[in-house]
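In what follows, a single structure is set out as structure tokens and then discussed.
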Amino acid sequence: MNNTSPIGFFDSGVGGLSVLARFRKLLPNENVVYYGDTVHLPYGNKSKEELIGYAKNILDFMQTKGVKAVVIACNTSSAQAYDTIKDIYQIPIYPIIQTCAKVIAVNNYKRIGVFATEATIKSGKYANELKKYNLNIQVKEMASKNWVSIVEKRGKNIKDDILHIKDEIEEMLEFNPDKIILGCTHYPYLMNEFIKYAPRELFIDPAEIFAKYVKHDLDTKNLLNKSNFLGEDEFYVSSNPKEFVENAKIFYEIKNPPILVKSIT
Ligand code: DGL
């Protein structure tokens with residue numbers, strides 16, 4: 001393993017590609033191994049035990065690929081699995097929630113809203129992490145209804161699905177938040193809906209903060225790839241490579257077809 005080794009990314013499916021897209025802007029020279037655990041999609045309604053098991057298998061797989069660091073691009077997995085797996089492996093592991101909460105909390109915000117999947121909200125992870133760094137911060141966490149599936153439908157037959165977004169945003173606005181964290185990989189892609197009911201500046205896309213932090217941290221560890229060539233992507237999925245490529249279009253341009261990996265699940 002050295003600084004030209006790839007960075008591993010994983011998520012339940014295509015959602016983490018939204019995170020990878022933000023990273024690519026800042027880290028174009030890095031090689032990437034991306035694992036979409038599509039056979040277990042969605043993570044948002046899985047138990048903690050299940051999510052820990054998936055994360056361990058994926059980290060073991062990442063080690064066989066010689067990665068220098070792993071980015072947990074999935075909020076749900078960061079919330080439910082990271083604390084248990086973090087000390088098992090020797091490489092740096094970056095979970096999206098814990099990393100972003102640390103950066104957001106020091107901004108002296110008084111009230112923060114969080115939208116995320118049911119499993120993430122159940123964990124209370126965003127609130128706990130924000131309060132670790134800012135004792136006085138108040139946090140309102142809301143599990144949004146079907147936002148992941150709205151994004152994945154890519155504009156088809158969503159007319160009825162999107163009706164309650166207004167109510168959900170308005171319920172959050174009653175809390176009068178300084179900022180609202182979009183705590184799920186898919187949610188930034190609903191921004192055009194959100195801004196019908198609240199100003200754009202109110203929303204935080206954590207992946208942007210995340211990419212900045214990881215770049216800086218890899219640099220301090222002397223792990224940045226200083227090559228002048230563009231990095232390569234390698235994609236792995238645990239089921240349905242074709243569907244993955246189709247759904248990926250929302251988030252990221254997939255040039256190399258994903259490889260189906262069955263043995264780790
Ligand atoms: N990627 C997941 C997250 O960020 C959302 C999709 C899912 O539930 O699997 O929480």
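Starting from 1 in every chain, residues are counted up; chains themselves are A, B, ... following the order of the structure tokens, and ligands are numbered from 1 as listed.
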Neighbours of ligand 1 within 8 Å, counting only C-alpha atoms and all ligand atoms, as an NGL selection string?
:A and (11-16 or 40-45 or 73-77 or 116-117 or 119-120 or 148 or 183-186)
Those same residues, written as an mmCIF file, in the first residue's frame with C-alpha atoms?
data_model
loop_
_atom_site.group_PDB
_atom_site.id
_atom_site.type_symbol
_atom_site.label_atom_id
_atom_site.label_comp_id
_atom_site.auth_asym_id
_atom_site.auth_seq_id
_atom_site.Cartn_x
_atom_site.Cartn_y
_atom_site.Cartn_z
ATOM 1 C CA ASP A 11 -22.582 2.525 -0.137
ATOM 2 C CA SER A 12 -25.727 0.437 -0.382
ATOM 3 C CA GLY A 13 -25.904 1.207 -4.094
ATOM 4 C CA VAL A 14 -25.578 4.208 -6.345
ATOM 5 C CA GLY A 15 -26.132 6.869 -3.656
ATOM 6 C CA GLY A 16 -22.469 6.959 -2.670
ATOM 7 C CA HIS A 40 -28.871 -5.374 0.410
ATOM 8 C CA LEU A 41 -30.444 -2.164 -0.914
ATOM 9 C CA PRO A 42 -31.871 -0.130 0.765
ATOM 10 C CA TYR A 43 -29.760 0.134 3.923
ATOM 11 C CA GLY A 44 -32.215 2.653 5.382
ATOM 12 C CA ASN A 45 -34.485 -0.018 6.853
ATOM 13 C CA ALA A 73 -20.157 7.237 1.663
ATOM 14 C CA CYS A 74 -23.394 5.949 3.162
ATOM 15 C CA ASN A 75 -24.956 7.857 6.055
ATOM 16 C CA THR A 76 -26.868 4.823 7.298
ATOM 17 C CA SER A 77 -23.750 2.651 7.479
ATOM 18 C CA ALA A 116 -32.058 11.299 6.858
ATOM 19 C CA THR A 117 -33.289 7.713 6.452
ATOM 20 C CA ALA A 119 -32.095 3.916 10.319
ATOM 21 C CA THR A 120 -29.891 7.013 10.499
ATOM 22 C CA VAL A 148 -34.638 7.923 -1.707
ATOM 23 C CA GLY A 183 -28.103 13.491 5.804
ATOM 24 C CA CYS A 184 -28.600 10.960 3.030
ATOM 25 C CA THR A 185 -26.676 10.477 -0.182
ATOM 26 C CA HIS A 186 -29.745 11.059 -2.351
#
Per DSSP on the backbone, filter stretch 27-251 of chain A down to the residues in helix (DSSP H, G or I) and report them as a PyMOL selection string.
chain A and resi 38-40+43-45+48-64+75-80+82-85+96-105+118-123+125-133+147-152+161-173+187-194+200-202+206-220+241-248
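Computed from the coordinates, the atom CA of A:Ala127 to atom CA of A:Ile104 distance equals 11.5 Å.
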Which residue gives the smallest distance to A:Ile121 among A:Phe10, A:Lys145, A:Ile137, A:Pro95, with only C-alpha atoms counted?
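Of the candidates, the smallest distance to A:Ile121 is held by A:Lys145.
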When you look at A:Asn225 with a cut-off of 7 Å (counting only C-alpha atoms), what residues show up, excluding the ones that are within fewer than 6 positions of it in the same chain? I need them as a short mmCIF file (atom, residue, chain, number, x, y, z; two decimals) with all heavy atoms, in the first residue's frame.
data_model
loop_
_atom_site.label_atom_id
_atom_site.label_comp_id
_atom_site.auth_asym_id
_atom_site.auth_seq_id
_atom_site.Cartn_x
_atom_site.Cartn_y
_atom_site.Cartn_z
N ASN A 3 0.92 5.78 -1.65
CA ASN A 3 -0.03 6.87 -1.97
C ASN A 3 -0.69 6.77 -3.35
O ASN A 3 -1.64 7.48 -3.63
CB ASN A 3 0.56 8.26 -1.70
CG ASN A 3 1.86 8.47 -2.40
OD1 ASN A 3 2.33 7.58 -3.11
ND2 ASN A 3 2.44 9.63 -2.21
N THR A 4 -0.22 5.86 -4.19
CA THR A 4 -0.94 5.65 -5.46
C THR A 4 -2.02 4.56 -5.32
O THR A 4 -2.77 4.33 -6.26
CB THR A 4 0.03 5.27 -6.61
OG1 THR A 4 0.67 4.05 -6.26
CG2 THR A 4 1.05 6.35 -6.89
N ASN A 29 -6.95 12.90 -9.31
CA ASN A 29 -5.85 11.95 -9.61
C ASN A 29 -5.92 10.66 -8.82
O ASN A 29 -5.09 9.76 -9.04
CB ASN A 29 -4.51 12.62 -9.34
CG ASN A 29 -4.40 13.93 -10.05
OD1 ASN A 29 -4.93 14.08 -11.16
ND2 ASN A 29 -3.77 14.91 -9.44
N GLU A 30 -6.85 10.56 -7.90
CA GLU A 30 -6.91 9.35 -7.07
C GLU A 30 -7.52 8.18 -7.83
O GLU A 30 -8.47 8.35 -8.60
CB GLU A 30 -7.76 9.62 -5.81
CG GLU A 30 -7.19 10.64 -4.88
CD GLU A 30 -5.87 10.19 -4.22
OE1 GLU A 30 -5.61 8.98 -4.15
OE2 GLU A 30 -5.11 11.08 -3.80
#
May I have all residues of stretch 100-147 of chain A that DSSP, computed from the backbone, assigns to strand (DSSP E or B), given as a PyMOL selection string?
chain A and resi 111-116+138-143
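Summary of the local environment: counting only C-alpha atoms, residues at most 10 Å from A:Met1, other than itself and those fewer than 2 positions away along its chain, are A:Asn3, A:Thr4, A:Ser5, A:Pro6, A:Gln63, A:Lys65, A:Gly66, A:Val67, A:Lys68, A:Ala69, A:Ile91, A:Leu223.
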Keeping all heavy atoms for every residue in the selection just given, could you write it to a file as an mmCIF file, in the first residue's frame?
data_model
loop_
_atom_site.group_PDB
_atom_site.id
_atom_site.type_symbol
_atom_site.label_atom_id
_atom_site.label_comp_id
_atom_site.auth_asym_id
_atom_site.auth_seq_id
_atom_site.Cartn_x
_atom_site.Cartn_y
_atom_site.Cartn_z
ATOM 1 N N ASN A 3 0.920 5.783 -1.653
ATOM 2 C CA ASN A 3 -0.027 6.867 -1.970
ATOM 3 C C ASN A 3 -0.691 6.770 -3.349
ATOM 4 O O ASN A 3 -1.640 7.477 -3.626
ATOM 5 C CB ASN A 3 0.559 8.259 -1.697
ATOM 6 C CG ASN A 3 1.859 8.472 -2.402
ATOM 7 O OD1 ASN A 3 2.328 7.583 -3.115
ATOM 8 N ND2 ASN A 3 2.442 9.634 -2.212
ATOM 9 N N THR A 4 -0.220 5.862 -4.193
ATOM 10 C CA THR A 4 -0.936 5.649 -5.456
ATOM 11 C C THR A 4 -2.016 4.560 -5.324
ATOM 12 O O THR A 4 -2.775 4.327 -6.262
ATOM 13 C CB THR A 4 0.025 5.270 -6.614
ATOM 14 O OG1 THR A 4 0.669 4.051 -6.256
ATOM 15 C CG2 THR A 4 1.051 6.354 -6.890
ATOM 16 N N SER A 5 -2.060 3.897 -4.177
ATOM 17 C CA SER A 5 -3.107 2.882 -3.952
ATOM 18 C C SER A 5 -4.478 3.553 -4.006
ATOM 19 O O SER A 5 -4.611 4.757 -3.722
ATOM 20 C CB SER A 5 -2.945 2.238 -2.571
ATOM 21 O OG SER A 5 -1.662 1.677 -2.460
ATOM 22 N N PRO A 6 -5.512 2.783 -4.359
ATOM 23 C CA PRO A 6 -6.837 3.408 -4.475
ATOM 24 C C PRO A 6 -7.460 3.781 -3.137
ATOM 25 O O PRO A 6 -7.085 3.251 -2.085
ATOM 26 C CB PRO A 6 -7.675 2.313 -5.156
ATOM 27 C CG PRO A 6 -6.938 1.040 -4.935
ATOM 28 C CD PRO A 6 -5.494 1.367 -4.733
ATOM 29 N N GLN A 63 -9.743 -4.509 1.618
ATOM 30 C CA GLN A 63 -8.340 -4.824 1.929
ATOM 31 C C GLN A 63 -7.724 -5.705 0.858
ATOM 32 O O GLN A 63 -6.555 -5.557 0.530
ATOM 33 C CB GLN A 63 -8.273 -5.491 3.291
ATOM 34 C CG GLN A 63 -8.646 -4.494 4.388
ATOM 35 C CD GLN A 63 -7.838 -4.675 5.632
ATOM 36 O OE1 GLN A 63 -7.826 -5.757 6.202
ATOM 37 N NE2 GLN A 63 -7.172 -3.637 6.067
ATOM 38 N N LYS A 65 -8.256 -5.418 -2.114
ATOM 39 C CA LYS A 65 -7.980 -4.521 -3.254
ATOM 40 C C LYS A 65 -6.837 -3.555 -2.945
ATOM 41 O O LYS A 65 -6.522 -2.661 -3.734
ATOM 42 C CB LYS A 65 -9.233 -3.702 -3.608
ATOM 43 C CG LYS A 65 -10.387 -4.547 -4.084
ATOM 44 C CD LYS A 65 -10.144 -5.005 -5.507
ATOM 45 C CE LYS A 65 -10.880 -6.287 -5.828
ATOM 46 N NZ LYS A 65 -10.298 -7.033 -6.930
ATOM 47 N N GLY A 66 -6.263 -3.674 -1.767
ATOM 48 C CA GLY A 66 -5.098 -2.863 -1.408
ATOM 49 C C GLY A 66 -5.384 -1.384 -1.243
ATOM 50 O O GLY A 66 -4.522 -0.547 -1.546
ATOM 51 N N VAL A 67 -6.574 -1.025 -0.760
ATOM 52 C CA VAL A 67 -6.903 0.402 -0.632
ATOM 53 C C VAL A 67 -6.077 1.061 0.481
ATOM 54 O O VAL A 67 -5.680 0.408 1.437
ATOM 55 C CB VAL A 67 -8.421 0.630 -0.371
ATOM 56 C CG1 VAL A 67 -9.258 0.076 -1.501
ATOM 57 C CG2 VAL A 67 -8.841 0.034 0.958
ATOM 58 N N LYS A 68 -5.849 2.367 0.345
ATOM 59 C CA LYS A 68 -5.071 3.084 1.365
ATOM 60 C C LYS A 68 -5.976 3.723 2.421
ATOM 61 O O LYS A 68 -5.520 4.146 3.482
ATOM 62 C CB LYS A 68 -4.187 4.138 0.713
ATOM 63 C CG LYS A 68 -4.951 5.234 -0.032
ATOM 64 C CD LYS A 68 -4.012 6.189 -0.737
ATOM 65 C CE LYS A 68 -4.780 7.198 -1.570
ATOM 66 N NZ LYS A 68 -3.903 7.996 -2.438
ATOM 67 N N ALA A 69 -7.267 3.832 2.099
ATOM 68 C CA ALA A 69 -8.252 4.430 3.027
ATOM 69 C C ALA A 69 -9.636 4.029 2.531
ATOM 70 O O ALA A 69 -9.799 3.683 1.365
ATOM 71 C CB ALA A 69 -8.127 5.943 3.020
ATOM 72 N N ILE A 91 -6.188 0.739 8.304
ATOM 73 C CA ILE A 91 -6.180 1.891 7.394
ATOM 74 C C ILE A 91 -7.173 2.960 7.889
ATOM 75 O O ILE A 91 -8.106 2.637 8.628
ATOM 76 C CB ILE A 91 -6.579 1.462 5.960
ATOM 77 C CG1 ILE A 91 -7.854 0.614 6.011
ATOM 78 C CG2 ILE A 91 -5.448 0.760 5.247
ATOM 79 C CD1 ILE A 91 -8.438 0.307 4.653
ATOM 80 N N LEU A 223 -0.702 10.668 2.175
ATOM 81 C CA LEU A 223 -1.338 9.606 1.392
ATOM 82 C C LEU A 223 -1.986 10.114 0.102
ATOM 83 O O LEU A 223 -2.658 9.366 -0.588
ATOM 84 C CB LEU A 223 -2.392 8.884 2.242
ATOM 85 C CG LEU A 223 -1.866 7.857 3.248
ATOM 86 C CD1 LEU A 223 -2.993 7.311 4.114
ATOM 87 C CD2 LEU A 223 -1.157 6.710 2.535
#
Could you give me, as a list in words, the residues within 9 Å of A:Ile165, counting only C-alpha atoms and dropping anything in the same chain fewer than 6 positions from it?
Ser144, Lys145, Trp147, Glu193 and Phe194 of chain A
Pick the closest to A:Asp167 from A:Ala198, A:Met191, A:Val39, A:Leu27: which is it, counting only C-alpha atoms?
A:Ala198
Residues near A:Lys212, cut-off 12 Å, only C-alpha atoms, skip fewer than 4 positions along chain, as a PyMOL selection string
chain A and resi 19+22-27+96+99-100+103+206-208+216-219
Choose the residue, out of A:Leu130, A:Val32, A:Ile254, A:Ala55, that has the smallest atom-to-atom separation from A:Ala105; count only C-alpha atoms.
A:Leu130
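Closest approach to A:Asp233 among A:Asn2, A:Lys153, A:Leu20, A:Pro92: A:Leu20, based on only C-alpha atoms.
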Return the single residue from A:Ala101, A:Glu234, A:Asn146, A:Glu174 that is closest to A:Asp161, with distances computed using only C-alpha atoms.
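Among A:Ala101, A:Glu234, A:Asn146, A:Glu174, it is A:Asn146 that comes nearest to A:Asp161.
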Please determine, counting only C-alpha atoms, which residue among A:Phe115, A:Phe251, A:Phe203, A:Tyr189 has the shortest atom-to-atom distance to A:Val139.
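Smallest separation from A:Val139 among the options: A:Phe115.
You will find atom CA of A:Leu59 at 15.7 Å from atom CA of A:Thr38.
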